[in-house]
Amino acid sequence: MPAKYSGIRKRSNEQYLSNSPKSRQNEQAPIVLEEWSNRHSDNFTGKIPRGSRGFESSKRRKVKEDYTIKSKPKGGEDVFSYNKRTTECPFSKELEPRKCLAALKKKRKFEDNILADQLGDYKDFVPSKTNFRSKARKIDNVKDTEQTSKKCHQCLKKERAVFVPCTKCPKMYCLGCIRKWYPNLTTSDISHECPFCQNNCNCRVCLGSTGTIKTSNSSITDDEKVQHLQYMIDLLIPFIQHICEEQTQEHEIEAKIQGKSSSEIEIPQTSCENERIYCDHCATSFTDLYRSCPECSFEICLNCCKEIRNGSISPRSEMKFQYVNRGYDYMHGGDPLPVSGNLGTLRGHSKISTKWKANSDGSIRCAPKEMGGCGGPVMELKRILLNGWISDLEAKARNILKGFSKTEQTTLQKEEISSCNSKIRAAFRDGTSDNNLYCPSSSDLINEGLPLFRKHWTQGEPIIVRDVLKQGTGLSWEPMVTLRALSENVAPGISSNMTELKAIDCLSCCEVEINTSTFFKGYTQGRTHQNLWPEMLKLKDWPPSDKFDDVLPRHCDEFIRCLPFQEYCDPRAGILNLAVKLPSHVLKPDLGPKTYIAYGIKEELGRGDSVTKLHYDMSDAVNILIHTTEVTLSDEQNSVIPKLKKAHMVQDGKEGHGCKRVDECLNEGLCKDNREEYNCAISKESGGALWDIFRREDSEKLDAYLRKHSKEFRHTYCSPVEEVVHPINDQCFYLTLEHKKNLKKEFGVEPWTFEQQLGEAVFIPAGCAHQVRNLKSCTKVAVDFVSPENVHMCLHLTEEFRRLPKNHKAREDKLEIQKMILYAVDNAVKELQALRS
């Protein structure tokens, strides 16, 4: 054969079922233009460079293409394939663009003609061209030639060999888009009801639309609405009473300062619409009354006023500790780089010894200059709400509850439902009855309702709901689908450059920049460091949660639709979600939804794992695992990892961190990696993420353990944790399997431990410390909410956060729980009055 002939390269996404292997014995025909342009699409200008291979348009290529439709196997999909046999054809070094396009067009017409012959009686397929009317009219679903000339709804291209038309609408989808974007749908499925009709079309246009997916998965009757509102008011009235008492006490103190009666004093009102006003000392937001300096506008809350008067106010120190980068080798168990001599200046807190006292009449002067004030005049009492509004609200709430019988108020609470098959064993604590967690299927909730959820939720127990994605429309959560939606719906405040991402490297705990396609390639295939140690990256809260509804409108609707117990967690209309009760003129907290995308592997590394470190949130939360991809380590990595783990342990021993346990591990023949125990802790068919959730009552013991063993943990740059402010709020600890064993041995504390499977929703009550490790590459979506049962914990955590140092990342009161309580009750009272009238 002449040298000018070259072979055809086989495409991986095509099935060549040639009946004659003879054609493959010799060198084959040249590569076609379509294939060449696909490989070089970025630089293709319509002209093939000199030296490229192609076929000459002036010469006729002899092609026989046998198209067949394989019979559909049971439980399988329709398989569309064709046999291709190509004979030799002349070769030309360079083709003119017009001739290339003409040849391509001619080739496609030829394919369509054959397709029409073969598929004339098969109603699911429509050739893309209508030149062959006699053939096209044989297809049942085609009524006129105009319909067959329409383009693919997904890719908006006409030049496709075969379309699948929908019987319910004029939309069509080409086979290439079906294979790429809807692998779980067969051609028959799409013919019966296309993705557009199913509300799960993920084309660019549809992904940018909103309002097409019904987010509510249940309807609430007026009677149920009344019961929910009464239940909420009944739980919240004690907190409103407490707010009223605080306000009354400060009001009386102000009357004493002014030498007047309480009814005579007037408190000026401040306008603060669309802004939050915080205490300059403890960062707690103001609900109503507060004190302000008339000269420097230094402002403090009522809790700080109370502490100043009883002498318990303490200056808020400022954190100065910083972790030092000791180099790449150090993070992998090697020797550290030399550290500069000013390391001591990076440690410790700045302490203030100045005292802040109140006057004998209860008045308070502005804070000393060392504490941020001017130390000058007496601070004035101001208010945000209308005078007497809170006390009037309490009275209205109590009165409206009297109008309903106790039977009406407790119907939902007294309902009992059997749940023996809806629990899983998640802990092995002795002498307790809370080792099992409520774990119903989403389909069971239709019959069970809220009573069982409320029973466990009130006790502060996490809840797992299985198969929640089945409640959705089937919209794809593939990372590349969401990324495509983001690129089309860029919102203000988000960079329009979607080619670069900022991720967290779990080994160094530092931010890195990475190409988008590179990140998602690592998500599916894994990434390694230079020494083959698995590289773990994660995107946290991306895109920014306050933009989620804007940039991913369809996915936001789909997420809300999948939420179980929407009465509690619906971020838009949950009747028992206090967070949605804030009026439009009040600035709302950012509670999500939030997206978490991160790598993960099954084996626990001990250093650089893909984890969410131990913490607790100020509010309740629900987290749904919406997508996973399993990454398998190579044989070479499996041989290198134990050696690197040994180097890590030797390094721990040199630095004196947990020397006793290091010696035990080394003497036992290191680096079994706790495999035997680990395999007992999680199943062979692992889920996507491993959760550890601690009981609220164990927080103090957990705190004590972490303070005692803090230097055995590593944080930024793999440096030992040498300074602890608040072990849980610092978010610098992750308890490995070894540490969890030691915690139970020393303090008798054990978390609920379970694996989150794809499509499971995990409900975490406020105040439950928790940590998560990814066993696979995972995409999760979470949303925070505020339930009336856990308001007391939100208030407790707010008080805990206000005592943290000034620049602590968990310090700011972003929830404003007291404000939520007031507006939730006000809203409920108005709705009940409307239902009663």
# chains A, B, ... in the order shown; residues from 1 in each chain; ligands from 1
>>> residues_around(residues="A:Glu264", least_positions_apart="5", cutoff="12 Å", atoms="only C-alpha atoms", output="list in words")
His251, Glu252, Glu254, Ala255, Lys256, Gln258 and Gly259 of chain A
>>> residues_around(residues="A:Val339", least_positions_apart="5", cutoff="9 Å", atoms="only C-alpha atoms", output="VMD selection string")
chain A and resid 324 to 326
>>> residues_around(residues="A:Leu532", least_positions_apart="4", cutoff="12 Å", atoms="only C-alpha atoms", output="ChimeraX atom specification")
/A:332,526-528,536,633-644
>>> select_by_dssp(residues="stretch 251-309 of chain A", states="strand (DSSP E or B)", output="PyMOL selection string")
chain A and resi 269+278+285+290-292+299-300
>>> residues_around(residues="A:Arg291", least_positions_apart="5", cutoff="12 Å", atoms="only C-alpha atoms", output="ChimeraX atom specification")
/A:250-251,254,267-270,277-281,286,297-306,363-367,377-384
>>> residues_around(residues="A:Thr753", least_positions_apart="4", cutoff="8 Å", atoms="only C-alpha atoms", output="number ranges by chain")
A: 426-427, 690-693
>>> write_last_selection(atoms="C-alpha atoms", output="short mmCIF file (atom, residue, chain, number, x, y, z; two decimals), in the first residue's frame")
data_model
loop_
_atom_site.label_atom_id
_atom_site.label_comp_id
_atom_site.auth_asym_id
_atom_site.auth_seq_id
_atom_site.Cartn_x
_atom_site.Cartn_y
_atom_site.Cartn_z
CA ALA A 426 -24.55 4.51 65.73
CA ALA A 427 -22.91 4.22 69.18
CA LEU A 690 -17.99 9.40 57.81
CA TRP A 691 -19.76 11.47 60.49
CA ASP A 692 -19.03 11.78 64.21
CA ILE A 693 -21.66 13.76 66.14
#
>>> residues_around(residues="A:Leu702", least_positions_apart="3", cutoff="9 Å", atoms="only C-alpha atoms", output="PDB file with C-alpha atoms, in the first residue's frame")
ATOM      1  CA  PHE A 694     -21.263  14.272  69.897  1.00  0.00           C
ATOM      2  CA  ASP A 698     -20.543  15.538  76.501  1.00  0.00           C
ATOM      3  CA  SER A 699     -19.213  18.942  75.416  1.00  0.00           C
ATOM      4  CA  TYR A 705      -9.811  15.885  76.448  1.00  0.00           C
ATOM      5  CA  LEU A 706      -8.813  18.241  73.634  1.00  0.00           C
ATOM      6  CA  ARG A 707      -7.061  20.639  76.010  1.00  0.00           C
ATOM      7  CA  PRO A 727     -11.207  23.602  71.548  1.00  0.00           C
ATOM      8  CA  ILE A 728     -14.457  23.233  69.618  1.00  0.00           C
ATOM      9  CA  LEU A 743     -11.438   9.617  74.403  1.00  0.00           C
ATOM     10  CA  PHE A 747     -13.539  10.204  79.614  1.00  0.00           C
ATOM     11  CA  VAL A 749     -17.293   9.824  75.715  1.00  0.00           C
TER      12      VAL A 749
END
